[in-house]
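Source file: target.cif; contents: mmCIF, C-alpha atoms; chains and numbers go by the auth columns.
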```
data_query
loop_
_atom_site.group_PDB
_atom_site.id
_atom_site.type_symbol
_atom_site.label_atom_id
_atom_site.label_comp_id
_atom_site.label_asym_id
_atom_site.label_seq_id
_atom_site.Cartn_x
_atom_site.Cartn_y
_atom_site.Cartn_z
_atom_site.B_iso_or_equiv
_atom_site.auth_seq_id
_atom_site.auth_asym_id
ATOM 1 C CA MET A 1 20.246 -102.093 17.609 0.00 711 A
ATOM 2 C CA THR A 2 21.972 -100.066 20.309 0.00 712 A
ATOM 3 C CA LEU A 3 20.233 -97.149 22.006 0.00 713 A
ATOM 4 C CA ILE A 4 22.711 -94.444 22.981 0.00 714 A
ATOM 5 C CA ARG A 5 21.456 -92.921 26.229 0.00 715 A
ATOM 6 C CA GLU A 6 24.292 -90.527 26.967 0.00 716 A
ATOM 7 C CA MET A 7 27.141 -88.727 25.217 0.00 717 A
ATOM 8 C CA LEU A 8 30.029 -87.615 27.391 0.00 718 A
ATOM 9 C CA PHE A 9 32.778 -85.125 26.631 0.00 719 A
ATOM 10 C CA ALA A 10 35.042 -83.688 29.343 0.00 720 A
ATOM 11 C CA ASP A 11 32.661 -82.030 31.811 0.00 721 A
ATOM 12 C CA ASP A 12 29.697 -81.918 29.397 0.00 722 A
ATOM 13 C CA ALA A 13 27.023 -84.592 29.128 0.00 723 A
ATOM 14 C CA ALA A 14 23.965 -84.996 26.923 0.00 724 A
ATOM 15 C CA LEU A 15 21.236 -87.437 27.948 0.00 725 A
ATOM 16 C CA ALA A 16 18.773 -88.782 25.382 0.00 726 A
ATOM 17 C CA ALA A 17 15.466 -90.616 25.731 0.00 727 A
ATOM 18 C CA HIS A 18 12.372 -91.297 23.654 0.00 728 A
ATOM 19 C CA SER A 19 9.943 -89.887 26.197 0.00 729 A
ATOM 20 C CA GLU A 20 9.719 -87.733 29.303 0.00 730 A
ATOM 21 C CA GLU A 21 9.658 -90.447 31.989 0.00 731 A
ATOM 22 C CA PRO A 22 12.854 -92.295 30.916 0.00 732 A
ATOM 23 C CA LEU A 23 14.655 -88.963 30.623 0.00 733 A
ATOM 24 C CA GLN A 24 13.638 -88.012 34.155 0.00 734 A
ATOM 25 C CA GLN A 25 14.904 -91.394 35.391 0.00 735 A
ATOM 26 C CA LEU A 26 18.245 -90.936 33.608 0.00 736 A
ATOM 27 C CA LEU A 27 18.664 -87.508 35.156 0.00 737 A
ATOM 28 C CA GLU A 28 17.851 -88.822 38.616 0.00 738 A
ATOM 29 C CA ARG A 29 20.463 -91.581 38.224 0.00 739 A
ATOM 30 C CA LEU A 30 23.033 -89.030 37.065 0.00 740 A
ATOM 31 C CA THR A 31 22.201 -86.777 40.021 0.00 741 A
ATOM 32 C CA ARG A 32 22.625 -89.659 42.487 0.00 742 A
ATOM 33 C CA ALA A 33 25.961 -90.653 40.930 0.00 743 A
ATOM 34 C CA CYS A 34 27.208 -87.058 41.052 0.00 744 A
ATOM 35 C CA ASN A 35 26.185 -86.738 44.698 0.00 745 A
ATOM 36 C CA GLU A 36 28.125 -89.887 45.586 0.00 746 A
ATOM 37 C CA PHE A 37 31.316 -88.357 44.155 0.00 747 A
ATOM 38 C CA GLY A 38 30.685 -84.903 45.594 0.00 748 A
ATOM 39 C CA LEU A 39 29.882 -83.349 42.209 0.00 749 A
ATOM 40 C CA THR A 40 27.237 -80.678 41.692 0.00 750 A
ATOM 41 C CA ILE A 41 25.106 -80.360 38.544 0.00 751 A
ATOM 42 C CA SER A 42 24.743 -76.720 37.532 0.00 752 A
ATOM 43 C CA ARG A 43 21.017 -75.948 37.306 0.00 753 A
ATOM 44 C CA LYS A 44 21.673 -72.829 35.193 0.00 754 A
ATOM 45 C CA LYS A 45 23.689 -74.742 32.603 0.00 755 A
ATOM 46 C CA THR A 46 21.386 -77.762 32.464 0.00 756 A
ATOM 47 C CA ASN A 47 18.609 -77.465 29.878 0.00 757 A
ATOM 48 C CA VAL A 48 16.037 -79.663 28.197 0.00 758 A
ATOM 49 C CA MET A 49 15.254 -79.832 24.497 0.00 759 A
ATOM 50 C CA ALA A 50 12.529 -81.923 22.862 0.00 760 A
ATOM 51 C CA GLN A 51 12.512 -82.786 19.168 0.00 761 A
ATOM 52 C CA ASP A 52 9.412 -83.549 17.147 0.00 762 A
ATOM 53 C CA VAL A 53 6.929 -83.372 20.068 0.00 763 A
ATOM 54 C CA SER A 54 3.735 -81.379 20.564 0.00 764 A
ATOM 55 C CA ASN A 55 4.199 -80.624 24.283 0.00 765 A
ATOM 56 C CA ALA A 56 7.439 -79.578 25.977 0.00 766 A
ATOM 57 C CA PRO A 57 8.638 -82.039 28.644 0.00 767 A
ATOM 58 C CA CYS A 58 8.747 -81.119 32.324 0.00 768 A
ATOM 59 C CA ILE A 59 12.084 -82.370 33.689 0.00 769 A
ATOM 60 C CA SER A 60 13.436 -81.440 37.104 0.00 770 A
ATOM 61 C CA ILE A 61 16.467 -81.832 39.360 0.00 771 A
ATOM 62 C CA ASP A 62 15.637 -81.937 43.074 0.00 772 A
ATOM 63 C CA ASP A 63 12.191 -80.361 42.491 0.00 773 A
ATOM 64 C CA GLN A 64 13.675 -77.552 40.366 0.00 774 A
ATOM 65 C CA THR A 65 12.202 -77.573 36.855 0.00 775 A
ATOM 66 C CA LEU A 66 14.765 -77.208 34.078 0.00 776 A
ATOM 67 C CA GLU A 67 14.400 -74.629 31.324 0.00 777 A
ATOM 68 C CA VAL A 68 13.202 -75.921 27.957 0.00 778 A
ATOM 69 C CA MET A 69 15.303 -74.651 25.029 0.00 779 A
ATOM 70 C CA ASN A 70 14.661 -74.526 21.290 0.00 780 A
ATOM 71 C CA ASP A 71 18.342 -75.096 20.549 0.00 781 A
ATOM 72 C CA PHE A 72 21.634 -75.741 22.276 0.00 782 A
ATOM 73 C CA THR A 73 25.290 -75.896 21.327 0.00 783 A
ATOM 74 C CA TYR A 74 27.163 -79.124 21.944 0.00 784 A
ATOM 75 C CA LEU A 75 30.868 -79.316 21.002 0.00 785 A
ATOM 76 C CA GLY A 76 30.458 -76.313 18.718 0.00 786 A
ATOM 77 C CA SER A 77 27.532 -77.790 16.799 0.00 787 A
ATOM 78 C CA ILE A 78 24.069 -76.241 17.137 0.00 788 A
ATOM 79 C CA ILE A 79 21.205 -78.713 17.606 0.00 789 A
ATOM 80 C CA PHE A 80 17.633 -77.484 17.011 0.00 790 A
ATOM 81 C CA ASN A 81 14.316 -78.834 18.203 0.00 791 A
ATOM 82 C CA ASN A 82 12.823 -78.711 14.694 0.00 792 A
ATOM 83 C CA LEU A 83 15.512 -81.142 13.407 0.00 793 A
ATOM 84 C CA SER A 84 16.569 -78.619 10.744 0.00 794 A
ATOM 85 C CA LEU A 85 20.142 -77.808 9.733 0.00 795 A
ATOM 86 C CA ASP A 86 19.200 -74.503 8.095 0.00 796 A
ATOM 87 C CA ALA A 87 19.999 -72.309 11.091 0.00 797 A
ATOM 88 C CA GLU A 88 23.337 -74.050 11.690 0.00 798 A
ATOM 89 C CA LEU A 89 24.240 -73.622 8.022 0.00 799 A
ATOM 90 C CA ASN A 90 23.364 -69.918 8.301 0.00 800 A
ATOM 91 C CA THR A 91 25.723 -69.600 11.261 0.00 801 A
ATOM 92 C CA LEU A 92 28.574 -71.495 9.598 0.00 802 A
ATOM 93 C CA ILE A 93 28.227 -69.648 6.295 0.00 803 A
ATOM 94 C CA GLY A 94 28.271 -66.371 8.228 0.00 804 A
ATOM 95 C CA LYS A 95 31.462 -67.361 10.060 0.00 805 A
ATOM 96 C CA ALA A 96 33.145 -68.507 6.844 0.00 806 A
ATOM 97 C CA ALA A 97 32.096 -65.292 5.057 0.00 807 A
ATOM 98 C CA THR A 98 33.578 -63.245 7.909 0.00 808 A
ATOM 99 C CA ALA A 99 36.844 -65.194 7.629 0.00 809 A
ATOM 100 C CA MET A 100 36.895 -64.600 3.871 0.00 810 A
ATOM 101 C CA ALA A 101 36.303 -60.869 4.287 0.00 811 A
ATOM 102 C CA SER A 102 39.024 -60.531 6.932 0.00 812 A
ATOM 103 C CA LEU A 103 41.569 -62.031 4.520 0.00 813 A
ATOM 104 C CA THR A 104 40.701 -59.826 1.558 0.00 814 A
ATOM 105 C CA ASN A 105 43.640 -57.432 1.811 0.00 815 A
ATOM 106 C CA ARG A 106 46.215 -59.811 3.278 0.00 816 A
ATOM 107 C CA ALA A 107 45.533 -62.783 1.032 0.00 817 A
ATOM 108 C CA TRP A 108 43.061 -62.487 -1.833 0.00 818 A
ATOM 109 C CA ASN A 109 44.330 -59.062 -3.042 0.00 819 A
ATOM 110 C CA ASN A 110 47.972 -59.831 -2.257 0.00 820 A
ATOM 111 C CA ASN A 111 50.009 -60.103 -5.460 0.00 821 A
ATOM 112 C CA MET A 112 52.879 -61.751 -3.554 0.00 822 A
ATOM 113 C CA LEU A 113 50.853 -64.944 -2.987 0.00 823 A
ATOM 114 C CA ASN A 114 50.447 -67.513 -5.724 0.00 824 A
ATOM 115 C CA LYS A 115 47.231 -69.365 -6.506 0.00 825 A
ATOM 116 C CA ASN A 116 48.197 -72.577 -4.679 0.00 826 A
ATOM 117 C CA THR A 117 48.939 -70.682 -1.466 0.00 827 A
ATOM 118 C CA MET A 118 45.608 -68.869 -1.707 0.00 828 A
ATOM 119 C CA MET A 119 43.743 -72.145 -2.194 0.00 829 A
ATOM 120 C CA ARG A 120 45.447 -73.661 0.840 0.00 830 A
ATOM 121 C CA MET A 121 44.528 -70.613 2.902 0.00 831 A
ATOM 122 C CA TYR A 122 40.960 -70.854 1.647 0.00 832 A
ATOM 123 C CA GLN A 123 40.732 -74.512 2.659 0.00 833 A
ATOM 124 C CA ALA A 124 42.292 -73.889 6.083 0.00 834 A
ATOM 125 C CA CYS A 125 40.398 -70.719 7.002 0.00 835 A
ATOM 126 C CA ALA A 126 37.042 -70.938 5.233 0.00 836 A
ATOM 127 C CA ILE A 127 36.319 -74.543 4.268 0.00 837 A
ATOM 128 C CA SER A 128 37.302 -75.941 7.674 0.00 838 A
ATOM 129 C CA MET A 129 34.985 -73.420 9.346 0.00 839 A
ATOM 130 C CA LEU A 130 32.168 -73.957 6.843 0.00 840 A
ATOM 131 C CA LEU A 131 32.195 -77.757 7.155 0.00 841 A
ATOM 132 C CA TYR A 132 32.660 -78.001 10.911 0.00 842 A
ATOM 133 C CA CYS A 133 30.839 -81.165 12.137 0.00 843 A
ATOM 134 C CA SER A 134 29.663 -81.859 8.572 0.00 844 A
ATOM 135 C CA GLU A 135 30.606 -85.534 8.925 0.00 845 A
ATOM 136 C CA THR A 136 27.294 -86.230 10.654 0.00 846 A
ATOM 137 C CA TRP A 137 25.041 -83.950 8.628 0.00 847 A
ATOM 138 C CA THR A 138 22.068 -85.265 6.683 0.00 848 A
ATOM 139 C CA LEU A 139 21.582 -82.604 4.035 0.00 849 A
ATOM 140 C CA TYR A 140 18.793 -81.914 1.598 0.00 850 A
ATOM 141 C CA THR A 141 19.690 -81.206 -2.017 0.00 851 A
ATOM 142 C CA ARG A 142 18.870 -77.512 -1.598 0.00 852 A
ATOM 143 C CA GLN A 143 21.263 -77.307 1.365 0.00 853 A
ATOM 144 C CA GLU A 144 24.054 -78.996 -0.593 0.00 854 A
ATOM 145 C CA ARG A 145 23.373 -76.594 -3.456 0.00 855 A
ATOM 146 C CA ARG A 146 23.578 -73.632 -1.099 0.00 856 A
ATOM 147 C CA LEU A 147 26.951 -74.765 0.258 0.00 857 A
ATOM 148 C CA ASN A 148 28.217 -75.377 -3.275 0.00 858 A
ATOM 149 C CA ASP A 149 27.066 -71.916 -4.425 0.00 859 A
ATOM 150 C CA PHE A 150 28.909 -70.311 -1.502 0.00 860 A
ATOM 151 C CA HIS A 151 31.997 -72.395 -2.334 0.00 861 A
ATOM 152 C CA LEU A 152 31.948 -71.354 -6.002 0.00 862 A
ATOM 153 C CA TYR A 153 31.294 -67.705 -5.093 0.00 863 A
ATOM 154 C CA ASN A 154 34.409 -67.668 -2.915 0.00 864 A
ATOM 155 C CA LEU A 155 36.560 -69.397 -5.520 0.00 865 A
ATOM 156 C CA ARG A 156 35.508 -66.940 -8.216 0.00 866 A
ATOM 157 C CA ASN A 157 36.319 -64.010 -5.918 0.00 867 A
ATOM 158 C CA ILE A 158 39.753 -65.398 -5.062 0.00 868 A
ATOM 159 C CA LEU A 159 40.573 -66.135 -8.694 0.00 869 A
ATOM 160 C CA GLY A 160 39.176 -62.810 -9.906 0.00 870 A
ATOM 161 C CA ILE A 161 36.543 -64.413 -12.145 0.00 871 A
ATOM 162 C CA THR A 162 33.493 -62.236 -12.807 0.00 872 A
ATOM 163 C CA TRP A 163 30.160 -63.153 -14.382 0.00 873 A
ATOM 164 C CA GLN A 164 31.226 -61.187 -17.460 0.00 874 A
ATOM 165 C CA ASP A 165 34.042 -63.678 -18.063 0.00 875 A
ATOM 166 C CA ARG A 166 31.434 -66.401 -18.722 0.00 876 A
ATOM 167 C CA VAL A 167 33.501 -69.100 -17.009 0.00 877 A
ATOM 168 C CA LEU A 168 31.638 -72.332 -16.263 0.00 878 A
ATOM 169 C CA ASN A 169 31.592 -73.693 -12.721 0.00 879 A
ATOM 170 C CA LYS A 170 33.571 -76.795 -13.697 0.00 880 A
ATOM 171 C CA ASP A 171 36.232 -74.582 -15.286 0.00 881 A
ATOM 172 C CA ALA A 172 36.451 -72.422 -12.162 0.00 882 A
ATOM 173 C CA LEU A 173 36.890 -75.566 -10.035 0.00 883 A
ATOM 174 C CA ALA A 174 39.564 -76.867 -12.417 0.00 884 A
ATOM 175 C CA LYS A 175 41.405 -73.540 -12.291 0.00 885 A
ATOM 176 C CA ALA A 176 41.296 -73.610 -8.470 0.00 886 A
ATOM 177 C CA ASN A 177 42.273 -77.305 -8.477 0.00 887 A
ATOM 178 C CA LEU A 178 39.545 -78.008 -5.914 0.00 888 A
ATOM 179 C CA PRO A 179 36.556 -80.377 -6.049 0.00 889 A
ATOM 180 C CA ARG A 180 32.941 -79.306 -5.756 0.00 890 A
ATOM 181 C CA MET A 181 31.275 -79.176 -2.369 0.00 891 A
ATOM 182 C CA LEU A 182 29.612 -82.610 -2.582 0.00 892 A
ATOM 183 C CA ALA A 183 33.019 -84.244 -3.087 0.00 893 A
ATOM 184 C CA LEU A 184 34.460 -82.340 -0.113 0.00 894 A
ATOM 185 C CA LEU A 185 31.552 -83.457 2.078 0.00 895 A
ATOM 186 C CA SER A 186 31.890 -87.086 0.956 0.00 896 A
ATOM 187 C CA HIS A 187 35.632 -87.067 1.642 0.00 897 A
ATOM 188 C CA ARG A 188 35.135 -85.745 5.174 0.00 898 A
ATOM 189 C CA ARG A 189 32.432 -88.322 5.895 0.00 899 A
ATOM 190 C CA LEU A 190 34.577 -91.214 4.656 0.00 900 A
ATOM 191 C CA HIS A 191 37.563 -89.928 6.636 0.00 901 A
ATOM 192 C CA TRP A 192 35.428 -89.789 9.804 0.00 902 A
ATOM 193 C CA LEU A 193 33.942 -93.256 9.156 0.00 903 A
ATOM 194 C CA GLY A 194 37.493 -94.594 8.857 0.00 904 A
ATOM 195 C CA HIS A 195 38.210 -93.321 12.370 0.00 905 A
ATOM 196 C CA VAL A 196 34.995 -94.923 13.663 0.00 906 A
ATOM 197 C CA VAL A 197 35.827 -98.284 12.055 0.00 907 A
ATOM 198 C CA ARG A 198 39.349 -98.259 13.535 0.00 908 A
ATOM 199 C CA MET A 199 37.918 -97.496 16.980 0.00 909 A
#
```

Can you give me the file's structure in the form of structure tokens?
Amino acid sequence: MTLIREMLFADDAALAAHSEEPLQQLLERLTRACNEFGLTISRKKTNVMAQDVSNAPCISIDDQTLEVMNDFTYLGSIIFNNLSLDAELNTLIGKAATAMASLTNRAWNNNMLNKNTMMRMYQACAISMLLYCSETWTLYTRQERRLNDFHLYNLRNILGITWQDRVLNKDALAKANLPRMLALLSHRRLHWLGHVVRM
């Protein structure tokens, strides 16, 4: 087993530890290394988040205690202290719904665009936003169902299918020539794992 203690990206860093003392030691080492190279750690931008603990940790830099957060955004993905993906899914569904609404007149109600073009626009503008960072998600069945319901709702709107038409979900997917949400998620995960294996 390998314990990942830090994740680095450009000028952002996330330190991880199983308890308060090792985390404080990691931060002290990082502070010393930054000082040696003349770098300054921003106290305002540096926060602490604890997952699945009863008491919040007390971590400090140079005797200044860092603020404890319930969530933080790292590379566009929201991480929560309760280990739940529900709030992130709410955010992503909201963003995708906004993108769908903004394209109503220009795309979905545009008679000049054919179905294939609309489906490509849907995948590029809504699906990519909805499934951002989904490669690392661990979803419950209810969360997968929620994503799939949102997916089918959008497809029916684009294709002009109403509940009165009594079209089954599998028929709507076939008409759109798109897979269901679980297949999209699996494809993205396998694609990402391929990159990891090649690395």

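Distance-wise, atom CA of Met839 of chain A and atom CA of Leu823 of chain A end up 21.8 Å apart.
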
Decode the PyMOL selection byres ((chain A and resi 758) around 7) for the given file into explicit residues and return them as a VMD selection string.
-> chain A and resid 757 759 to 760 776 to 779

Using all atoms listed in the file, find the one residue out of A:Asn745, A:Ser770, A:Thr846, A:Thr756 that sits nearest to Glu731 of chain A.
-> A:Ser770

Ser838 of chain A surroundings by all atoms listed in the file, 12 Å radius, close-in-sequence under 3 positions cut, as a VMD selection string = chain A and resid 802 to 803 805 to 806 809 to 810 830 to 835 841 to 845 861 894 to 895 898

Name the residues captured by the PyMOL selection byres ((chain A and resi 761) around 8) when it is applied to the shown file; answer as a PyMOL selection string.
-> chain A and resi 759-760+762-763+790-793

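The coordinates place atom CA of Met891 of chain A at 24.4 Å from atom CA of Val907 of chain A.
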
The PyMOL selection byres ((chain A and resi 854) around 12) resolved against shown file, as a ChimeraX atom specification | /A:795-796,799,841,844,847-853,855-861,890-896

Size and centre in Å, one decimal, axis-aligned box, all listed segment 848-866 of chain A atoms plus 4 Å per side, as AutoDock Vina command-line options:
```
--center_x 27.7 --center_y -76.1 --center_z -0.8 --size_x 25.8 --size_y 26.3 --size_z 22.9
```

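One distance worth recording is that between atom CA of Gly804 of chain A and atom CA of Asn864 of chain A, which is 12.8 Å.
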
Which residues, written as an NGL selection string, have at least one atom at most 10 Å from segment 882-888 of chain A, with all atoms listed in the file counted and residues fewer than 3 positions away on the same chain left out?
-> :A and (825-826 or 828-830 or 833 or 861-863 or 865-866 or 868-869 or 871 or 877-879 or 891 or 893-894)

Between A:Ala727, A:Ile771, A:Ala807, A:Leu840, which one has atoms that come closest to Leu740 of chain A, using all atoms listed in the file?
-> A:Ile771

In the coordinates of the file, take the point (21.1, -86.4, 26.6) and a cut-off of 12 Å; then, counting all atoms listed in the file, name each qualifying protein, DNA or RNA residue as a VMD selection string.
-> chain A and resid 713 to 719 722 to 730 732 to 737 740 756 to 761 782 784 789

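Residue nearest Thr814 of chain A within the list A:Gly870, A:Ala743, A:Glu798, A:Asp772: A:Gly870 [criterion: smallest interatomic distance, all atoms listed in the file].
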
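If you measure from each of A:Pro889, A:Arg753, A:Thr872, A:Ala836 to Ile769 of chain A using only C-alpha atoms, the closest one turns out to be A:Arg753.
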